[in-house]
>>> print(open('protein-v9.tsv').read())   # TSV, N, CA and C atoms
chain	number	residue	atom	x	y	z
A	1404	MET	N	19.99	-24.76	-8.21
A	1404	MET	CA	19.15	-23.79	-7.52
A	1404	MET	C	18.47	-22.89	-8.55
A	1405	ASN	N	17.19	-22.70	-8.42
A	1405	ASN	CA	16.46	-21.78	-9.30
A	1405	ASN	C	16.79	-20.35	-8.92
A	1406	GLU	N	16.70	-19.48	-9.90
A	1406	GLU	CA	16.98	-18.08	-9.61
A	1406	GLU	C	15.75	-17.39	-9.05
A	1407	LEU	N	15.99	-16.32	-8.31
A	1407	LEU	CA	14.93	-15.47	-7.77
A	1407	LEU	C	14.88	-14.24	-8.66
A	1408	ARG	N	13.71	-13.96	-9.24
A	1408	ARG	CA	13.55	-12.84	-10.17
A	1408	ARG	C	13.13	-11.60	-9.40
A	1409	VAL	N	13.87	-10.52	-9.59
A	1409	VAL	CA	13.76	-9.32	-8.77
A	1409	VAL	C	13.22	-8.14	-9.58
A	1410	GLY	N	12.33	-7.39	-8.95
A	1410	GLY	CA	11.89	-6.10	-9.48
A	1410	GLY	C	12.31	-5.03	-8.49
A	1411	ILE	N	12.96	-4.00	-8.97
A	1411	ILE	CA	13.43	-2.92	-8.09
A	1411	ILE	C	12.62	-1.66	-8.36
A	1412	ILE	N	12.05	-1.12	-7.31
A	1412	ILE	CA	11.31	0.14	-7.39
A	1412	ILE	C	12.17	1.22	-6.76
A	1413	GLY	N	12.64	2.14	-7.60
A	1413	GLY	CA	13.55	3.19	-7.15
A	1413	GLY	C	14.97	2.81	-7.49
A	1414	VAL	N	15.49	3.31	-8.62
A	1414	VAL	CA	16.84	2.93	-9.03
A	1414	VAL	C	17.80	4.12	-8.99
A	1415	GLY	N	17.66	4.89	-7.91
A	1415	GLY	CA	18.65	5.92	-7.65
A	1415	GLY	C	19.91	5.23	-7.14
A	1416	SER	N	20.65	5.89	-6.33
A	1416	SER	CA	21.94	5.37	-5.86
A	1416	SER	C	21.84	3.99	-5.22
A	1417	ARG	N	20.95	3.82	-4.26
A	1417	ARG	CA	20.85	2.54	-3.54
A	1417	ARG	C	20.35	1.41	-4.44
A	1418	GLY	N	19.29	1.65	-5.19
A	1418	GLY	CA	18.75	0.63	-6.08
A	1418	GLY	C	19.75	0.22	-7.14
A	1419	ARG	N	20.47	1.20	-7.67
A	1419	ARG	CA	21.50	0.94	-8.68
A	1419	ARG	C	22.62	0.08	-8.10
A	1420	THR	N	23.03	0.39	-6.88
A	1420	THR	CA	24.09	-0.37	-6.23
A	1420	THR	C	23.66	-1.82	-5.97
A	1421	LEU	N	22.45	-2.00	-5.49
A	1421	LEU	CA	21.94	-3.36	-5.25
A	1421	LEU	C	21.86	-4.15	-6.55
A	1422	ALA	N	21.39	-3.52	-7.61
A	1422	ALA	CA	21.29	-4.20	-8.91
A	1422	ALA	C	22.67	-4.62	-9.40
A	1423	ARG	N	23.62	-3.72	-9.30
A	1423	ARG	CA	24.99	-4.04	-9.73
A	1423	ARG	C	25.57	-5.19	-8.90
A	1424	ASN	N	25.35	-5.15	-7.59
A	1424	ASN	CA	25.85	-6.22	-6.73
A	1424	ASN	C	25.23	-7.57	-7.08
A	1425	MET	N	23.92	-7.57	-7.38
A	1425	MET	CA	23.27	-8.83	-7.76
A	1425	MET	C	23.84	-9.36	-9.07
A	1426	ALA	N	24.13	-8.46	-10.02
A	1426	ALA	CA	24.72	-8.88	-11.29
A	1426	ALA	C	26.10	-9.48	-11.06
A	1427	GLU	N	26.91	-8.82	-10.24
A	1427	GLU	CA	28.27	-9.30	-9.98
A	1427	GLU	C	28.28	-10.65	-9.27
A	1428	GLN	N	27.29	-10.91	-8.45
A	1428	GLN	CA	27.23	-12.14	-7.66
A	1428	GLN	C	26.25	-13.16	-8.23
A	1429	TYR	N	25.83	-12.98	-9.49
A	1429	TYR	CA	24.78	-13.83	-10.05
A	1429	TYR	C	25.13	-15.32	-9.94
A	1430	ALA	N	26.36	-15.70	-10.26
A	1430	ALA	CA	26.73	-17.11	-10.26
A	1430	ALA	C	26.54	-17.76	-8.88
A	1431	LYS	N	26.74	-17.00	-7.81
A	1431	LYS	CA	26.59	-17.53	-6.45
A	1431	LYS	C	25.17	-17.38	-5.92
A	1432	ALA	N	24.59	-16.22	-6.12
A	1432	ALA	CA	23.32	-15.90	-5.45
A	1432	ALA	C	22.08	-16.24	-6.26
A	1433	LYS	N	22.18	-16.27	-7.58
A	1433	LYS	CA	21.03	-16.55	-8.45
A	1433	LYS	C	19.88	-15.58	-8.22
A	1434	LEU	N	20.20	-14.32	-8.01
A	1434	LEU	CA	19.22	-13.24	-7.96
A	1434	LEU	C	19.35	-12.49	-9.28
A	1435	ARG	N	18.26	-12.35	-10.03
A	1435	ARG	CA	18.33	-11.68	-11.33
A	1435	ARG	C	17.29	-10.58	-11.41
A	1436	VAL	N	17.73	-9.37	-11.68
A	1436	VAL	CA	16.82	-8.25	-11.86
A	1436	VAL	C	16.15	-8.41	-13.23
A	1437	VAL	N	14.81	-8.40	-13.23
A	1437	VAL	CA	14.07	-8.53	-14.48
A	1437	VAL	C	13.30	-7.26	-14.83
A	1438	ALA	N	13.10	-6.37	-13.83
A	1438	ALA	CA	12.35	-5.14	-14.09
A	1438	ALA	C	12.75	-4.06	-13.10
A	1439	VAL	N	12.69	-2.82	-13.56
A	1439	VAL	CA	12.96	-1.67	-12.69
A	1439	VAL	C	11.89	-0.61	-12.91
A	1440	HIS	N	11.66	0.17	-11.87
A	1440	HIS	CA	10.75	1.32	-11.96
A	1440	HIS	C	11.41	2.49	-11.25
A	1441	ASP	N	11.26	3.67	-11.86
A	1441	ASP	CA	11.72	4.90	-11.23
A	1441	ASP	C	10.90	6.05	-11.80
A	1442	LEU	N	10.70	7.08	-11.03
A	1442	LEU	CA	9.95	8.24	-11.51
A	1442	LEU	C	10.70	8.99	-12.60
A	1443	ASN	N	12.02	8.90	-12.58
A	1443	ASN	CA	12.85	9.52	-13.61
A	1443	ASN	C	13.00	8.52	-14.76
A	1444	GLU	N	12.30	8.76	-15.85
A	1444	GLU	CA	12.27	7.81	-16.96
A	1444	GLU	C	13.64	7.59	-17.59
A	1445	HIS	N	14.43	8.64	-17.69
A	1445	HIS	CA	15.77	8.50	-18.27
A	1445	HIS	C	16.64	7.59	-17.40
A	1446	THR	N	16.63	7.86	-16.09
A	1446	THR	CA	17.39	7.01	-15.16
A	1446	THR	C	16.92	5.57	-15.25
A	1447	MET	N	15.60	5.38	-15.27
A	1447	MET	CA	15.03	4.04	-15.31
A	1447	MET	C	15.51	3.27	-16.55
A	1448	SER	N	15.42	3.87	-17.72
A	1448	SER	CA	15.80	3.16	-18.94
A	1448	SER	C	17.31	2.94	-19.01
A	1449	THR	N	18.08	3.91	-18.55
A	1449	THR	CA	19.54	3.76	-18.54
A	1449	THR	C	19.97	2.62	-17.62
A	1450	ILE	N	19.39	2.57	-16.43
A	1450	ILE	CA	19.74	1.51	-15.47
A	1450	ILE	C	19.31	0.15	-16.00
A	1451	ALA	N	18.13	0.07	-16.61
A	1451	ALA	CA	17.65	-1.20	-17.16
A	1451	ALA	C	18.65	-1.73	-18.18
A	1452	GLU	N	19.11	-0.87	-19.06
A	1452	GLU	CA	20.06	-1.28	-20.10
A	1452	GLU	C	21.41	-1.68	-19.49
A	1453	THR	N	21.89	-0.87	-18.57
A	1453	THR	CA	23.19	-1.14	-17.94
A	1453	THR	C	23.17	-2.45	-17.16
A	1454	VAL	N	22.13	-2.64	-16.36
A	1454	VAL	CA	22.02	-3.84	-15.53
A	1454	VAL	C	21.88	-5.09	-16.40
A	1455	ALA	N	21.12	-5.00	-17.49
A	1455	ALA	CA	20.99	-6.14	-18.40
A	1455	ALA	C	22.36	-6.56	-18.91
A	1456	GLY	N	23.18	-5.60	-19.30
A	1456	GLY	CA	24.54	-5.91	-19.76
A	1456	GLY	C	25.39	-6.55	-18.68
A	1457	GLN	N	25.25	-6.07	-17.45
A	1457	GLN	CA	26.03	-6.64	-16.35
A	1457	GLN	C	25.63	-8.08	-16.07
A	1458	PHE	N	24.34	-8.37	-16.14
A	1458	PHE	CA	23.90	-9.75	-15.93
A	1458	PHE	C	24.41	-10.65	-17.05
A	1459	ALA	N	24.37	-10.18	-18.28
A	1459	ALA	CA	24.87	-10.97	-19.42
A	1459	ALA	C	26.36	-11.27	-19.23
A	1460	GLU	N	27.13	-10.27	-18.80
A	1460	GLU	CA	28.56	-10.45	-18.57
A	1460	GLU	C	28.85	-11.48	-17.47
A	1461	ASN	N	27.91	-11.64	-16.54
A	1461	ASN	CA	28.13	-12.53	-15.40
A	1461	ASN	C	27.40	-13.86	-15.53
A	1462	GLY	N	26.98	-14.19	-16.75
A	1462	GLY	CA	26.49	-15.53	-17.02
A	1462	GLY	C	25.02	-15.80	-16.82
A	1463	ALA	N	24.20	-14.77	-16.66
A	1463	ALA	CA	22.76	-15.01	-16.53
A	1463	ALA	C	22.24	-15.51	-17.88
A	1464	PRO	N	21.50	-16.63	-17.88
A	1464	PRO	CA	21.01	-17.17	-19.15
A	1464	PRO	C	20.04	-16.23	-19.87
A	1465	GLU	N	19.27	-15.51	-19.12
A	1465	GLU	CA	18.40	-14.45	-19.67
A	1465	GLU	C	18.81	-13.18	-18.96
A	1466	SER	N	19.07	-12.14	-19.73
A	1466	SER	CA	19.59	-10.95	-19.07
A	1466	SER	C	18.78	-9.69	-19.36
A	1467	GLY	N	17.64	-9.80	-19.99
A	1467	GLY	CA	16.84	-8.62	-20.28
A	1467	GLY	C	16.25	-8.02	-19.02
A	1468	VAL	N	16.28	-6.71	-18.93
A	1468	VAL	CA	15.68	-5.97	-17.82
A	1468	VAL	C	14.74	-4.94	-18.42
A	1469	ARG	N	13.47	-4.99	-18.06
A	1469	ARG	CA	12.52	-4.04	-18.64
A	1469	ARG	C	12.27	-2.87	-17.69
A	1470	SER	N	11.94	-1.75	-18.30
A	1470	SER	CA	11.53	-0.56	-17.56
A	1470	SER	C	10.03	-0.61	-17.38
A	1471	CYS	N	9.56	-0.38	-16.17
A	1471	CYS	CA	8.12	-0.36	-15.87
A	1471	CYS	C	7.74	1.06	-15.47
A	1472	ALA	N	6.90	1.69	-16.26
A	1472	ALA	CA	6.49	3.06	-15.97
A	1472	ALA	C	5.61	3.13	-14.73
A	1473	ASP	N	5.00	2.01	-14.34
A	1473	ASP	CA	4.08	1.96	-13.20
A	1473	ASP	C	4.60	0.97	-12.16
A	1474	GLY	N	4.99	1.48	-11.01
A	1474	GLY	CA	5.51	0.62	-9.94
A	1474	GLY	C	4.50	-0.41	-9.45
A	1475	GLN	N	3.22	-0.05	-9.46
A	1475	GLN	CA	2.20	-1.00	-9.01
A	1475	GLN	C	2.09	-2.19	-9.98
A	1476	ARG	N	2.27	-1.93	-11.26
A	1476	ARG	CA	2.26	-3.03	-12.24
A	1476	ARG	C	3.48	-3.92	-12.07
A	1477	LEU	N	4.60	-3.34	-11.73
A	1477	LEU	CA	5.79	-4.15	-11.46
A	1477	LEU	C	5.49	-5.11	-10.31
A	1478	ILE	N	4.87	-4.60	-9.26
A	1478	ILE	CA	4.54	-5.42	-8.10
A	1478	ILE	C	3.66	-6.60	-8.50
A	1479	GLN	N	2.72	-6.38	-9.39
A	1479	GLN	CA	1.75	-7.41	-9.79
A	1479	GLN	C	2.28	-8.36	-10.87
A	1480	ALA	N	3.41	-8.05	-11.48
A	1480	ALA	CA	3.93	-8.85	-12.59
A	1480	ALA	C	4.18	-10.29	-12.17
A	1481	ASP	N	3.78	-11.22	-13.02
A	1481	ASP	CA	3.93	-12.65	-12.73
A	1481	ASP	C	5.38	-13.12	-12.71
A	1482	ASP	N	6.26	-12.40	-13.36
A	1482	ASP	CA	7.66	-12.85	-13.42
A	1482	ASP	C	8.54	-12.21	-12.35
A	1483	ILE	N	7.93	-11.66	-11.32
A	1483	ILE	CA	8.67	-11.07	-10.19
A	1483	ILE	C	8.44	-11.93	-8.95
A	1484	ASP	N	9.53	-12.39	-8.33
A	1484	ASP	CA	9.46	-13.16	-7.08
A	1484	ASP	C	9.76	-12.30	-5.86
A	1485	LEU	N	10.59	-11.28	-6.06
A	1485	LEU	CA	11.05	-10.41	-4.97
A	1485	LEU	C	10.92	-8.97	-5.40
A	1486	VAL	N	10.21	-8.18	-4.61
A	1486	VAL	CA	10.06	-6.74	-4.86
A	1486	VAL	C	11.00	-6.02	-3.90
A	1487	MET	N	11.91	-5.23	-4.46
A	1487	MET	CA	12.83	-4.44	-3.65
A	1487	MET	C	12.42	-2.98	-3.75
A	1488	VAL	N	12.12	-2.36	-2.61
A	1488	VAL	CA	11.71	-0.96	-2.58
A	1488	VAL	C	12.87	-0.13	-2.06
A	1489	THR	N	13.46	0.66	-2.96
A	1489	THR	CA	14.61	1.48	-2.61
A	1489	THR	C	14.37	2.94	-2.99
A	1490	THR	N	13.12	3.34	-2.92
A	1490	THR	CA	12.76	4.75	-3.15
A	1490	THR	C	13.20	5.57	-1.95
A	1491	THR	N	12.91	6.86	-1.98
A	1491	THR	CA	13.12	7.65	-0.77
A	1491	THR	C	12.16	7.10	0.29
A	1492	SER	N	12.56	7.17	1.53
A	1492	SER	CA	11.80	6.50	2.59
A	1492	SER	C	10.39	7.05	2.79
A	1493	ASP	N	10.12	8.26	2.36
A	1493	ASP	CA	8.76	8.78	2.49
A	1493	ASP	C	7.81	8.09	1.50
A	1494	GLY	N	8.33	7.36	0.53
A	1494	GLY	CA	7.50	6.65	-0.43
A	1494	GLY	C	7.46	5.15	-0.24
A	1495	HIS	N	8.12	4.63	0.78
A	1495	HIS	CA	8.18	3.18	0.97
A	1495	HIS	C	6.81	2.54	1.13
A	1496	ALA	N	5.97	3.10	1.98
A	1496	ALA	CA	4.66	2.48	2.26
A	1496	ALA	C	3.81	2.34	0.99
A	1497	GLU	N	3.92	3.30	0.08
A	1497	GLU	CA	3.15	3.27	-1.16
A	1497	GLU	C	3.38	2.00	-1.96
A	1498	TYR	N	4.59	1.45	-1.87
A	1498	TYR	CA	4.93	0.24	-2.62
A	1498	TYR	C	5.01	-1.00	-1.74
A	1499	VAL	N	5.48	-0.85	-0.52
A	1499	VAL	CA	5.63	-2.01	0.37
A	1499	VAL	C	4.27	-2.62	0.71
A	1500	LEU	N	3.30	-1.81	1.05
A	1500	LEU	CA	1.99	-2.35	1.45
A	1500	LEU	C	1.34	-3.19	0.34
A	1501	PRO	N	1.25	-2.70	-0.90
A	1501	PRO	CA	0.68	-3.57	-1.95
A	1501	PRO	C	1.54	-4.81	-2.22
A	1502	ALA	N	2.85	-4.66	-2.12
A	1502	ALA	CA	3.73	-5.82	-2.35
A	1502	ALA	C	3.51	-6.89	-1.29
A	1503	LEU	N	3.27	-6.47	-0.06
A	1503	LEU	CA	3.02	-7.44	1.02
A	1503	LEU	C	1.73	-8.22	0.80
A	1504	ARG	N	0.80	-7.65	0.07
A	1504	ARG	CA	-0.47	-8.34	-0.20
A	1504	ARG	C	-0.35	-9.39	-1.31
A	1505	THR	N	0.80	-9.49	-1.92
A	1505	THR	CA	1.04	-10.53	-2.93
A	1505	THR	C	1.75	-11.69	-2.23
A	1506	SER	N	2.04	-12.72	-2.96
A	1506	SER	CA	2.78	-13.85	-2.37
A	1506	SER	C	4.28	-13.71	-2.61
A	1507	LYS	N	4.71	-12.50	-2.92
A	1507	LYS	CA	6.12	-12.26	-3.23
A	1507	LYS	C	6.93	-11.91	-1.98
A	1508	HIS	N	8.21	-12.09	-2.09
A	1508	HIS	CA	9.12	-11.62	-1.05
A	1508	HIS	C	9.23	-10.11	-1.19
A	1509	VAL	N	9.44	-9.40	-0.08
A	1509	VAL	CA	9.53	-7.94	-0.12
A	1509	VAL	C	10.76	-7.50	0.68
A	1510	TYR	N	11.57	-6.65	0.06
A	1510	TYR	CA	12.70	-6.01	0.70
A	1510	TYR	C	12.42	-4.52	0.73
A	1511	CYS	N	12.56	-3.91	1.89
A	1511	CYS	CA	12.40	-2.46	2.02
A	1511	CYS	C	13.69	-1.89	2.57
A	1512	ASP	N	14.23	-0.91	1.88
A	1512	ASP	CA	15.47	-0.28	2.31
A	1512	ASP	C	15.23	0.53	3.58
A	1513	LYS	N	16.27	0.87	4.26
A	1513	LYS	CA	16.16	1.65	5.49
A	1513	LYS	C	16.21	3.13	5.18
A	1514	PRO	N	15.71	3.97	6.03
A	1514	PRO	CA	14.82	3.64	7.14
A	1514	PRO	C	13.47	3.17	6.61
A	1515	LEU	N	12.77	2.43	7.43
A	1515	LEU	CA	11.50	1.85	7.00
A	1515	LEU	C	10.53	2.93	6.51
A	1516	ALA	N	10.41	4.02	7.25
A	1516	ALA	CA	9.50	5.11	6.87
A	1516	ALA	C	9.87	6.38	7.64
A	1517	HIS	N	9.22	7.47	7.27
A	1517	HIS	CA	9.42	8.74	7.97
A	1517	HIS	C	8.49	8.92	9.15
A	1518	THR	N	7.39	8.17	9.17
A	1518	THR	CA	6.43	8.34	10.26
A	1518	THR	C	6.22	7.02	10.99
A	1519	VAL	N	5.90	7.12	12.25
A	1519	VAL	CA	5.60	5.94	13.05
A	1519	VAL	C	4.37	5.23	12.47
A	1520	GLU	N	3.41	6.02	12.01
A	1520	GLU	CA	2.18	5.45	11.46
A	1520	GLU	C	2.47	4.55	10.26
A	1521	ASP	N	3.32	5.02	9.35
A	1521	ASP	CA	3.68	4.20	8.19
A	1521	ASP	C	4.45	2.96	8.61
A	1522	CYS	N	5.32	3.10	9.60
A	1522	CYS	CA	6.06	1.93	10.11
A	1522	CYS	C	5.09	0.89	10.66
A	1523	VAL	N	4.15	1.33	11.46
A	1523	VAL	CA	3.16	0.41	12.05
A	1523	VAL	C	2.35	-0.27	10.96
A	1524	ARG	N	1.91	0.51	9.97
A	1524	ARG	CA	1.12	-0.09	8.88
A	1524	ARG	C	1.92	-1.17	8.14
A	1525	MET	N	3.20	-0.92	7.90
A	1525	MET	CA	4.01	-1.89	7.18
A	1525	MET	C	4.30	-3.13	8.03
A	1526	VAL	N	4.55	-2.92	9.31
A	1526	VAL	CA	4.77	-4.07	10.20
A	1526	VAL	C	3.50	-4.90	10.29
A	1527	GLU	N	2.36	-4.25	10.43
A	1527	GLU	CA	1.08	-4.99	10.49
A	1527	GLU	C	0.82	-5.71	9.17
A	1528	GLY	N	1.17	-5.07	8.05
A	1528	GLY	CA	1.01	-5.72	6.75
A	1528	GLY	C	1.89	-6.94	6.60
A	1529	ALA	N	3.11	-6.85	7.11
A	1529	ALA	CA	4.02	-8.00	7.07
A	1529	ALA	C	3.51	-9.13	7.96
A	1530	ASP	N	3.02	-8.79	9.12
A	1530	ASP	CA	2.44	-9.80	10.03
A	1530	ASP	C	1.25	-10.49	9.37
A	1531	ALA	N	0.39	-9.72	8.73
A	1531	ALA	CA	-0.79	-10.29	8.07
A	1531	ALA	C	-0.40	-11.19	6.91
A	1532	ALA	N	0.70	-10.84	6.23
A	1532	ALA	CA	1.15	-11.63	5.08
A	1532	ALA	C	1.80	-12.94	5.51
A	1533	GLY	N	2.21	-12.99	6.77
A	1533	GLY	CA	2.84	-14.22	7.28
A	1533	GLY	C	4.30	-14.19	7.07
>>> encode(input="protein-v9.tsv", output="structure tokens")
Amino acid sequence: MNELRVGIIGVGSRGRTLARNMAEQYAKAKLRVVAVHDLNEHTMSTIAETVAGQFAENGAPESGVRSCADGQRLIQADDIDLVMVTTTSDGHAEYVLPALRTSKHVYCDKPLAHTVEDCVRMVEGADAAG
């Protein structure tokens, strides 16, 4: 089975937990974090380094995780198959909508959004993406 390359936008508590879980289950799930983005640069670089080590410990053939200062560039990166948005929910639409316009898989943490309007826009974007 080929691995699915993951980019995580928002590596606070939830994003960090998901990254750690993917590293621990790498042998079974073949999900590998390749890039992270967060508004807090220190958190972003620390998590990238930590997660890279966890993937190496769990047998990932390539374990480098890069920090992306721009979340939109992470979304557009050719080496990302799955975009995971784990920012605060008021920022989900900012990243989910552009990610849906790519051919990538998109995961959005709960709650979907703070407003009904953002929820509708994201649902319509997902419908349009197929």
>>> closest_residue(input="protein-v9.tsv", among="A:Ala1430, A:His1445, A:Val1519, A:Arg1408", to="Val1468 in chain A", atoms="only C-alpha atoms")
A:Arg1408
>>> closest_residue(input="protein-v9.tsv", among="A:Asn1443, A:Ser1492, A:Thr1505, A:Asn1424", to="Ile1478 in chain A", atoms="all atoms listed in the file")
A:Thr1505
>>> atom_distance(input="protein-v9.tsv", atom1="CA of Asp1493 in chain A", atom2="atom N of Leu1515 in chain A")
9.0 Å
>>> closest_residue(input="protein-v9.tsv", among="A:Lys1507, A:Arg1469, A:Arg1423, A:Arg1417", to="His1440 in chain A", atoms="all atoms listed in the file")
A:Arg1469
>>> residues_around(input="protein-v9.tsv", residues="Val1488 in chain A", least_positions_apart="3", cutoff="6 Å", atoms="only N, CA and C atoms", output="list in words")
Ile1411, Ile1412, Gly1413, Tyr1510, Cys1511 and Asp1512 of chain A
>>> decode(input="protein-v9.tsv", residues="range 1465-1476 of chain A", atoms="N, CA, C and O atoms", output="tab-separated table (two decimals), in the first residue's frame")
chain	number	residue	atom	x	y	z
A	1465	GLU	N	10.95	7.75	4.81
A	1465	GLU	CA	11.32	9.17	4.79
A	1465	GLU	C	10.58	9.81	5.95
A	1465	GLU	O	9.38	9.63	6.10
A	1466	SER	N	11.30	10.54	6.76
A	1466	SER	CA	10.63	11.05	7.96
A	1466	SER	C	10.74	12.56	8.12
A	1466	SER	O	10.33	13.09	9.14
A	1467	GLY	N	11.24	13.27	7.14
A	1467	GLY	CA	11.35	14.71	7.26
A	1467	GLY	C	10.00	15.40	7.24
A	1467	GLY	O	9.11	15.02	6.49
A	1468	VAL	N	9.82	16.37	8.10
A	1468	VAL	CA	8.60	17.17	8.16
A	1468	VAL	C	9.02	18.63	8.07
A	1468	VAL	O	9.82	19.10	8.87
A	1469	ARG	N	8.52	19.34	7.06
A	1469	ARG	CA	8.92	20.74	6.91
A	1469	ARG	C	7.88	21.68	7.51
A	1469	ARG	O	6.70	21.37	7.55
A	1470	SER	N	8.36	22.83	7.94
A	1470	SER	CA	7.51	23.91	8.41
A	1470	SER	C	7.16	24.78	7.23
A	1470	SER	O	8.04	25.16	6.45
A	1471	CYS	N	5.89	25.10	7.07
A	1471	CYS	CA	5.43	25.98	5.99
A	1471	CYS	C	4.89	27.27	6.61
A	1471	CYS	O	3.89	27.23	7.32
A	1472	ALA	N	5.53	28.37	6.33
A	1472	ALA	CA	5.10	29.64	6.89
A	1472	ALA	C	3.77	30.10	6.33
A	1472	ALA	O	3.06	30.89	6.94
A	1473	ASP	N	3.39	29.57	5.16
A	1473	ASP	CA	2.16	29.96	4.48
A	1473	ASP	C	1.25	28.74	4.29
A	1473	ASP	O	1.59	27.81	3.54
A	1474	GLY	N	0.12	28.75	4.97
A	1474	GLY	CA	-0.82	27.63	4.87
A	1474	GLY	C	-1.35	27.40	3.47
A	1474	GLY	O	-1.60	26.27	3.06
A	1475	GLN	N	-1.51	28.48	2.70
A	1475	GLN	CA	-2.02	28.34	1.33
A	1475	GLN	C	-0.99	27.62	0.45
A	1475	GLN	O	-1.36	26.84	-0.43
A	1476	ARG	N	0.28	27.86	0.69
A	1476	ARG	CA	1.33	27.15	-0.06
A	1476	ARG	C	1.36	25.68	0.32
A	1476	ARG	O	1.62	24.83	-0.52
